[in-house]
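Visitor: This is start-v1.txt, which holds compact mmCIF, C-alpha atoms and all ligand atoms:
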```txt
# COMPACT_ATOMS: atom_id res chain seq x y z
CA MET A 1 0.00 0.00 0.00
CA PRO A 2 1.51 3.43 -0.90
CA SER A 3 2.38 5.58 2.10
CA SER A 4 0.44 8.79 2.72
CA PRO A 5 2.22 12.19 2.71
CA GLN A 6 1.92 12.21 6.51
CA GLN A 7 3.83 8.92 6.79
CA ALA A 8 6.37 9.21 3.99
CA ARG A 9 9.31 11.40 3.29
CA ILE A 10 8.20 14.15 0.96
CA ALA A 11 10.21 14.79 -2.20
CA VAL A 12 9.40 18.07 -3.92
CA THR A 13 10.27 18.04 -7.62
CA ARG A 14 9.56 20.12 -10.72
CA SER A 15 9.67 18.97 -14.32
CA VAL A 16 12.40 19.93 -16.77
CA SER A 17 11.77 23.28 -18.45
CA PRO A 18 11.73 23.27 -22.27
CA ALA A 19 14.09 26.26 -21.93
CA MET A 20 16.72 24.32 -19.95
CA ALA A 21 19.23 24.75 -22.78
CA CYS A 22 19.37 28.44 -21.72
CA CYS A 23 20.27 27.54 -18.12
CA GLU A 24 22.87 29.26 -15.99
CA LEU A 25 26.36 27.81 -16.48
CA THR A 26 29.33 28.78 -14.32
CA HIS A 27 31.99 26.09 -14.55
CA LEU A 28 30.85 24.09 -17.58
CA PRO A 29 30.87 24.93 -21.29
CA ARG A 30 27.47 25.01 -22.97
CA THR A 31 26.73 21.79 -24.87
CA PRO A 32 23.51 20.69 -26.59
CA ILE A 33 20.89 19.27 -24.20
CA ASP A 34 18.34 16.71 -25.37
CA ILE A 35 15.24 17.95 -23.54
CA SER A 36 13.19 14.80 -24.25
CA LEU A 37 15.95 12.66 -22.80
CA ALA A 38 16.30 15.03 -19.86
CA ARG A 39 12.59 14.58 -19.14
CA GLU A 40 12.91 10.79 -19.34
CA GLN A 41 15.89 10.87 -16.99
CA HIS A 42 14.04 13.12 -14.60
CA ALA A 43 11.06 10.74 -14.60
CA ALA A 44 13.39 7.83 -13.80
CA TYR A 45 14.92 9.90 -10.99
CA GLU A 46 11.43 10.52 -9.59
CA ARG A 47 10.70 6.77 -9.76
CA ALA A 48 13.91 6.12 -7.82
CA LEU A 49 12.75 8.60 -5.16
CA GLU A 50 9.40 6.84 -4.92
CA SER A 51 10.93 3.39 -4.74
CA LEU A 52 13.07 4.63 -1.83
CA GLY A 53 9.97 5.67 0.11
CA CYS A 54 9.30 9.25 -0.98
CA HIS A 55 5.88 10.71 -1.67
CA LEU A 56 6.28 13.09 -4.63
CA GLU A 57 4.96 16.64 -4.46
CA ARG A 58 5.34 18.11 -7.94
CA LEU A 59 5.58 21.88 -8.22
CA PRO A 60 3.69 23.53 -11.09
CA GLU A 61 5.71 23.53 -14.30
CA ALA A 62 7.69 26.71 -14.90
CA PRO A 63 8.45 26.57 -18.62
CA ALA A 64 10.03 30.03 -18.79
CA LEU A 65 12.45 29.36 -15.93
CA ALA A 66 15.37 27.46 -17.44
CA ASP A 67 16.81 26.10 -14.18
CA SER A 68 13.53 25.43 -12.39
CA VAL A 69 14.06 21.65 -12.26
CA PHE A 70 16.82 22.31 -9.71
CA VAL A 71 14.45 22.85 -6.81
CA GLU A 72 17.05 22.20 -4.11
CA ASP A 73 18.38 25.72 -4.51
CA THR A 74 15.10 27.35 -3.57
CA ALA A 75 14.71 26.25 0.05
CA ILE A 76 16.22 24.59 3.11
CA VAL A 77 13.65 22.43 4.85
CA LEU A 78 14.23 21.47 8.47
CA ASP A 79 11.82 19.70 10.81
CA GLU A 80 10.82 22.98 12.42
CA ILE A 81 10.88 25.51 9.57
CA ALA A 82 11.40 25.95 5.84
CA VAL A 83 13.74 28.75 4.78
CA VAL A 84 12.97 30.00 1.28
CA THR A 85 16.16 31.23 -0.31
CA ARG A 86 17.04 34.19 -2.49
CA PRO A 87 19.07 32.45 -5.21
CA GLY A 88 22.38 33.96 -6.18
CA ALA A 89 21.56 33.94 -9.90
CA PRO A 90 18.97 36.67 -10.60
CA SER A 91 17.45 34.52 -13.37
CA ARG A 92 16.43 31.99 -10.69
CA ARG A 93 14.68 34.25 -8.21
CA ALA A 94 11.23 33.80 -9.75
CA GLU A 95 11.41 30.10 -8.86
CA THR A 96 10.79 30.62 -5.16
CA ASP A 97 7.16 31.86 -4.93
CA SER A 98 5.60 28.55 -5.91
CA VAL A 99 8.03 26.71 -3.64
CA ALA A 100 7.02 28.88 -0.65
CA ARG A 101 3.33 28.19 -1.36
CA LEU A 102 3.86 24.44 -1.45
CA LEU A 103 6.17 24.26 1.56
CA GLY A 104 3.78 26.41 3.58
CA ARG A 105 1.49 23.36 3.73
CA TYR A 106 4.18 21.50 5.69
CA ARG A 107 6.25 24.03 7.65
CA PRO A 108 6.27 27.62 8.90
CA ILE A 109 8.06 29.68 6.24
CA ALA A 110 10.95 32.12 6.70
CA GLU A 111 12.68 33.94 3.87
CA ILE A 112 16.16 35.14 3.00
CA ALA A 113 15.84 38.81 2.02
CA ALA A 114 17.90 41.15 -0.22
CA PRO A 115 20.78 41.89 -0.32
CA ALA A 116 21.41 38.39 0.99
CA THR A 117 21.79 35.53 -1.46
CA LEU A 118 21.70 31.85 -0.65
CA ASP A 119 21.33 28.70 -2.78
CA GLY A 120 20.09 25.51 -1.15
CA GLY A 121 22.84 23.66 -3.02
CA ASP A 122 25.25 25.37 -0.66
CA VAL A 123 23.65 23.96 2.48
CA LEU A 124 24.68 20.57 3.81
CA ARG A 125 22.96 19.45 6.99
CA VAL A 126 24.79 17.06 9.32
CA ASN A 127 22.72 16.53 12.48
CA ARG A 128 22.28 20.01 14.04
CA THR A 129 25.02 21.66 11.98
CA LEU A 130 24.34 23.38 8.68
CA TYR A 131 27.54 23.67 6.66
CA VAL A 132 27.07 26.49 4.17
CA GLY A 133 29.26 27.11 1.16
CA ARG A 134 30.63 30.61 0.69
CA SER A 135 30.36 30.28 -3.08
CA GLY A 136 29.59 32.45 -6.06
CA ARG A 137 25.90 31.98 -5.20
CA SER A 138 25.73 32.39 -1.40
CA ASN A 139 27.08 35.56 0.19
CA ARG A 140 28.04 36.36 3.76
CA CYS A 141 24.75 38.15 4.38
CA GLY A 142 22.84 35.04 3.23
CA ILE A 143 24.85 32.77 5.49
CA GLU A 144 24.38 35.08 8.48
CA GLY A 145 20.68 35.42 7.69
CA LEU A 146 20.27 31.65 7.64
CA ALA A 147 22.17 31.32 10.93
CA ALA A 148 19.83 33.84 12.60
CA LEU A 149 16.71 32.07 11.32
CA VAL A 150 17.73 28.58 12.45
CA ALA A 151 19.53 29.38 15.74
CA PRO A 152 16.27 29.40 17.77
CA PHE A 153 15.80 25.74 16.77
CA GLY A 154 19.27 24.69 17.93
CA TYR A 155 21.09 24.62 14.59
CA ARG A 156 24.64 25.87 14.24
CA VAL A 157 25.82 27.31 10.92
CA GLU A 158 29.42 26.90 9.76
CA ALA A 159 30.58 28.67 6.60
CA ILE A 160 32.92 26.77 4.27
CA PRO A 161 34.71 28.56 1.42
CA VAL A 162 34.18 26.75 -1.90
CA HIS A 163 36.61 27.05 -4.84
CA GLY A 164 36.31 25.83 -8.42
CA CYS A 165 32.80 24.43 -8.32
CA LEU A 166 29.25 25.76 -8.22
CA HIS A 167 27.99 24.84 -4.76
CA LEU A 168 29.16 23.27 -1.51
CA LYS A 169 27.23 20.15 -2.49
CA SER A 170 29.28 19.95 -5.71
CA ALA A 171 32.23 19.47 -3.34
CA VAL A 172 30.78 17.35 -0.56
CA THR A 173 27.64 15.41 0.36
CA LEU A 174 26.67 13.03 3.11
CA VAL A 175 26.63 9.32 2.17
CA ALA A 176 26.18 7.79 5.64
CA PRO A 177 25.38 9.32 9.05
CA GLU A 178 28.98 10.40 9.80
CA THR A 179 30.59 9.93 6.36
CA VAL A 180 30.95 12.42 3.53
CA LEU A 181 31.89 12.00 -0.12
CA VAL A 182 34.35 14.78 -0.94
CA ASN A 183 36.37 16.34 -3.72
CA PRO A 184 39.30 17.69 -1.66
CA GLU A 185 40.23 20.11 -4.47
CA TYR A 186 37.13 22.21 -3.82
CA ILE A 187 37.20 22.74 -0.04
CA ALA A 188 39.91 23.20 2.56
CA PRO A 189 41.16 20.00 4.21
CA GLU A 190 40.23 21.19 7.68
CA SER A 191 36.55 21.46 6.68
CA LEU A 192 33.96 19.11 8.20
CA ARG A 193 36.16 18.04 11.07
CA GLY A 194 35.18 14.84 12.79
CA LEU A 195 33.48 13.28 9.79
CA GLU A 196 34.88 10.35 7.85
CA TRP A 197 35.87 11.28 4.28
CA ILE A 198 35.56 9.23 1.11
CA GLU A 199 37.34 11.01 -1.73
CA VAL A 200 36.04 11.00 -5.30
CA ASP A 201 38.12 9.26 -7.94
CA PRO A 202 40.44 11.98 -9.32
CA ALA A 203 39.14 11.27 -12.84
CA GLU A 204 35.63 12.24 -11.68
CA PRO A 205 35.99 15.67 -10.06
CA LEU A 206 32.23 16.31 -10.13
CA GLY A 207 31.53 13.01 -8.39
CA ALA A 208 30.98 14.31 -4.86
CA ASN A 209 27.24 14.80 -5.22
CA ALA A 210 25.21 11.86 -3.89
CA LEU A 211 21.68 11.85 -2.49
CA PRO A 212 21.28 9.68 0.62
CA LEU A 213 17.86 8.14 1.16
CA GLY A 214 17.35 5.51 3.81
CA ASP A 215 20.06 2.87 3.44
CA GLU A 216 21.03 3.84 -0.13
CA VAL A 217 22.41 6.78 -2.04
CA ILE A 218 21.13 7.91 -5.42
CA TYR A 219 24.21 8.41 -7.54
CA PRO A 220 24.91 9.39 -11.18
CA ALA A 221 25.81 6.78 -13.81
CA SER A 222 28.50 9.13 -15.15
CA LYS A 223 30.79 8.49 -12.15
CA PRO A 224 31.40 4.70 -12.12
CA ARG A 225 34.83 4.86 -10.48
CA THR A 226 33.60 6.83 -7.50
CA ALA A 227 30.51 4.60 -7.33
CA GLU A 228 32.88 1.65 -6.97
CA ARG A 229 34.77 3.47 -4.19
CA LEU A 230 31.47 3.98 -2.38
CA ARG A 231 30.54 0.30 -2.72
CA ARG A 232 33.93 -0.74 -1.39
CA ARG A 233 33.25 1.39 1.70
CA GLY A 234 29.89 -0.32 2.23
CA VAL A 235 27.63 2.33 0.72
CA GLN A 236 24.69 0.94 -1.24
CA VAL A 237 24.48 2.83 -4.54
CA ARG A 238 21.32 3.35 -6.62
CA VAL A 239 22.55 4.47 -10.04
CA VAL A 240 20.53 6.91 -12.17
CA ASP A 241 21.48 8.35 -15.53
CA VAL A 242 21.21 12.16 -15.35
CA SER A 243 23.55 13.02 -18.22
CA GLU A 244 21.34 15.79 -19.65
CA LEU A 245 20.79 17.40 -16.24
CA GLU A 246 24.54 17.32 -15.65
CA LYS A 247 25.04 19.36 -18.85
CA ALA A 248 22.96 22.07 -17.12
CA GLU A 249 25.35 21.94 -14.15
CA GLY A 250 22.84 19.96 -12.13
CA ALA A 251 23.35 16.84 -10.05
CA VAL A 252 21.28 14.36 -8.09
CA THR A 253 20.67 16.43 -4.95
CA CYS A 254 19.66 19.47 -7.03
CA CYS A 255 16.46 17.92 -8.40
CA SER A 256 14.55 17.46 -5.15
CA LEU A 257 13.82 18.87 -1.72
CA ILE A 258 13.41 15.98 0.69
CA PHE A 259 11.99 16.18 4.18
CA ALA A 260 9.91 14.22 6.65
CA GLY A 261 6.12 14.31 6.37
CA ASP A 262 4.30 15.48 9.48
CA GLY A 263 3.89 12.04 10.97
CA ALA A 264 7.48 10.94 10.42
CA ARG A 265 9.85 13.69 11.40
CA GLU A 266 13.53 12.82 11.22
CA SER A 267 15.94 13.69 14.00
N1 LIG B 1 22.35 25.56 -13.99
C1 LIG B 1 22.22 25.46 -12.58
C2 LIG B 1 22.58 26.73 -11.92
O1 LIG B 1 23.51 27.37 -12.39
O2 LIG B 1 21.99 27.14 -10.99
```
For the structure just supplied, provide its representation as structure tokens.
Guide:
Amino acid sequence: MPSSPQQARIAVTRSVSPAMACCELTHLPRTPIDISLAREQHAAYERALESLGCHLERLPEAPALADSVFVEDTAIVLDEIAVVTRPGAPSRRAETDSVARLLGRYRPIAEIAAPATLDGGDVLRVNRTLYVGRSGRSNRCGIEGLAALVAPFGYRVEAIPVHGCLHLKSAVTLVAPETVLVNPEYIAPESLRGLEWIEVDPAEPLGANALPLGDEVIYPASKPRTAERLRRRGVQVRVVDVSELEKAEGAVTCCSLIFAGDGARES
């Protein structure tokens, strides 16, 4: 029997815009994107989310917003509150209104306000710490604003400078409760003290983005060497092909916002 939204994890997604070929690109050259294939890949990604216990909440399509599939950047959802961001790329700021409306059904809403900028892709939660990338997208004001909003709920914010990649979660993601997958070229070695590191294969510099769900991680087919490293360290890998989304400088965490439904809050 399918789980109800109250019981399941919620995964917020949005379909691929037909304009995705005009997406923001910072560290990648523009290459042709097959939008039909991108849509098929996104549908397979959504099926993977469902098979790992998520109840999908699909945002209304936003055909004019090229990057709107990358919903992660628009909010940080904690058990107590959802913080709607002010994305660093001006072209992405119109994505947040519909996200705030949907999330308001699940959480009290707070917002990051100008001149602050913050992308959800820069926020990595580990227990009660939010590591936040000081990147081209998230400024000091955004990081301080987030810290002030979440402090009353017992969260600590730690800024981490990011170099050579788009977001903190291009450099590091959680793959097990105390273990992170890292590209050490993109963040300082003293970052994320106390956590166990698994390094990406050097041939796969963009391989540090994995999406943990239950006992598995969703992981891109384009990074087989790092996938093998994960398996060797006991991480169960669910491979999805997201080649067309990767051409838009997206990755597996970017395409969803995942949080506990009301009846199943996570610690
Ligand atoms: N194309 C994803 C981003 O730059 O936000």
Visitor: Could you jot down the CA of Tyr186 in chain A to CA of Ser170 in chain A separation for me, Å, one decimal place?
Guide: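 Result for CA of Tyr186 in chain A versus CA of Ser170 in chain A: 8.4 Å, one decimal.
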Visitor: Could you tell me which of A:Leu230, A:Leu192, A:Ala100, A:Cys22 comes closest to Glu158 in chain A if we count all atoms listed in the file?
Guide: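 Closest to Glu158 in chain A of all the choices is A:Leu192.
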Visitor: Could you work out how far CA of Leu124 in chain A lies from CA of Leu195 in chain A, giving the answer in Å with one decimal?
Guide: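 Computed distance, CA of Leu195 in chain A to CA of Leu124 in chain A, equals 12.9 Å.
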Visitor: Using all atoms listed in the file, which residues have at least one atom no more than 7 Å from ligand LIG 1 (chain B)? Output them as a list of chain:residue names.
Guide: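 So, counting all atoms listed in the file, the residues near ligand LIG 1 (chain B) are A:Cys23, A:Glu24, A:Leu25, A:Thr26, A:Asp67, A:Phe70, A:Ala89, A:Ala248, A:Glu249, A:Gly250.
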Visitor: Any idea what the distance is between CA of Pro224 in chain A and CA of Thr179 in chain A?
Guide: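 Spanning CA of Pro224 in chain A to CA of Thr179 in chain A is a straight-line distance of 19.2 Å.
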Visitor: May I have the residues at most 10 Å from (19.8, 24.9, -6.2) in the file's coordinates, counting all atoms listed in the file, as a PyMOL selection string?
Guide: chain A and resi 67-76+85+87-89+92+118-123+137+166-167+169+250-251+253-257
Visitor: Considering all atoms listed in the file, state which residue in the set A:Gly207, A:Pro202, A:Gly104, A:Pro90 is at the smallest distance from Ala221 in chain A.
Guide: A:Gly207
Visitor: Select, counting only C-alpha atoms, all protein, DNA and RNA residues no farther than 12 Å from (28.4, 25.4, 9.1) in file coordinates, and express the selection as a VMD selection string.
Guide: chain A and resid 122 to 134 143 to 144 146 to 147 150 to 151 155 to 161 168 191 to 193
Visitor: Kindly export the residues of the current selection with C-alpha atoms, as a CSV table (one decimal), in the frame of the given file.
Guide:
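Okay, again-v2.csv is ready:
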```csv
chain,number,residue,atom,x,y,z
A,122,ASP,CA,25.2,25.4,-0.7
A,123,VAL,CA,23.6,24.0,2.5
A,124,LEU,CA,24.7,20.6,3.8
A,125,ARG,CA,23.0,19.4,7.0
A,126,VAL,CA,24.8,17.1,9.3
A,127,ASN,CA,22.7,16.5,12.5
A,128,ARG,CA,22.3,20.0,14.0
A,129,THR,CA,25.0,21.7,12.0
A,130,LEU,CA,24.3,23.4,8.7
A,131,TYR,CA,27.5,23.7,6.7
A,132,VAL,CA,27.1,26.5,4.2
A,133,GLY,CA,29.3,27.1,1.2
A,134,ARG,CA,30.6,30.6,0.7
A,143,ILE,CA,24.8,32.8,5.5
A,144,GLU,CA,24.4,35.1,8.5
A,146,LEU,CA,20.3,31.6,7.6
A,147,ALA,CA,22.2,31.3,10.9
A,150,VAL,CA,17.7,28.6,12.4
A,151,ALA,CA,19.5,29.4,15.7
A,155,TYR,CA,21.1,24.6,14.6
A,156,ARG,CA,24.6,25.9,14.2
A,157,VAL,CA,25.8,27.3,10.9
A,158,GLU,CA,29.4,26.9,9.8
A,159,ALA,CA,30.6,28.7,6.6
A,160,ILE,CA,32.9,26.8,4.3
A,161,PRO,CA,34.7,28.6,1.4
A,168,LEU,CA,29.2,23.3,-1.5
A,191,SER,CA,36.6,21.5,6.7
A,192,LEU,CA,34.0,19.1,8.2
A,193,ARG,CA,36.2,18.0,11.1
```
Visitor: Excluding same-chain residues fewer than 5 positions from Tyr106 in chain A, what lies within 9 Å of it counting all atoms listed in the file, as an MDAnalysis selection string?
Guide: chainID A and resid 81:82 261:262
Visitor: For Leu213 in chain A, which residue out of A:Thr96, A:Ser91, A:Ser243, A:Ser51 is the nearest one, using all atoms listed in the file?
Guide: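 For Leu213 in chain A, the nearest of the given residues is A:Ser51.
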Visitor: Skipping near chain neighbours, those fewer than 3 positions away, what residues fall within 8 Å of Leu174 in chain A using only C-alpha atoms, listed as a list in words?
Guide: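 My reading of the contact set: Leu124, Val126, Pro177, Glu178, Thr179, Val180, Leu181, Ala210, Leu211 and Pro212 of chain A.
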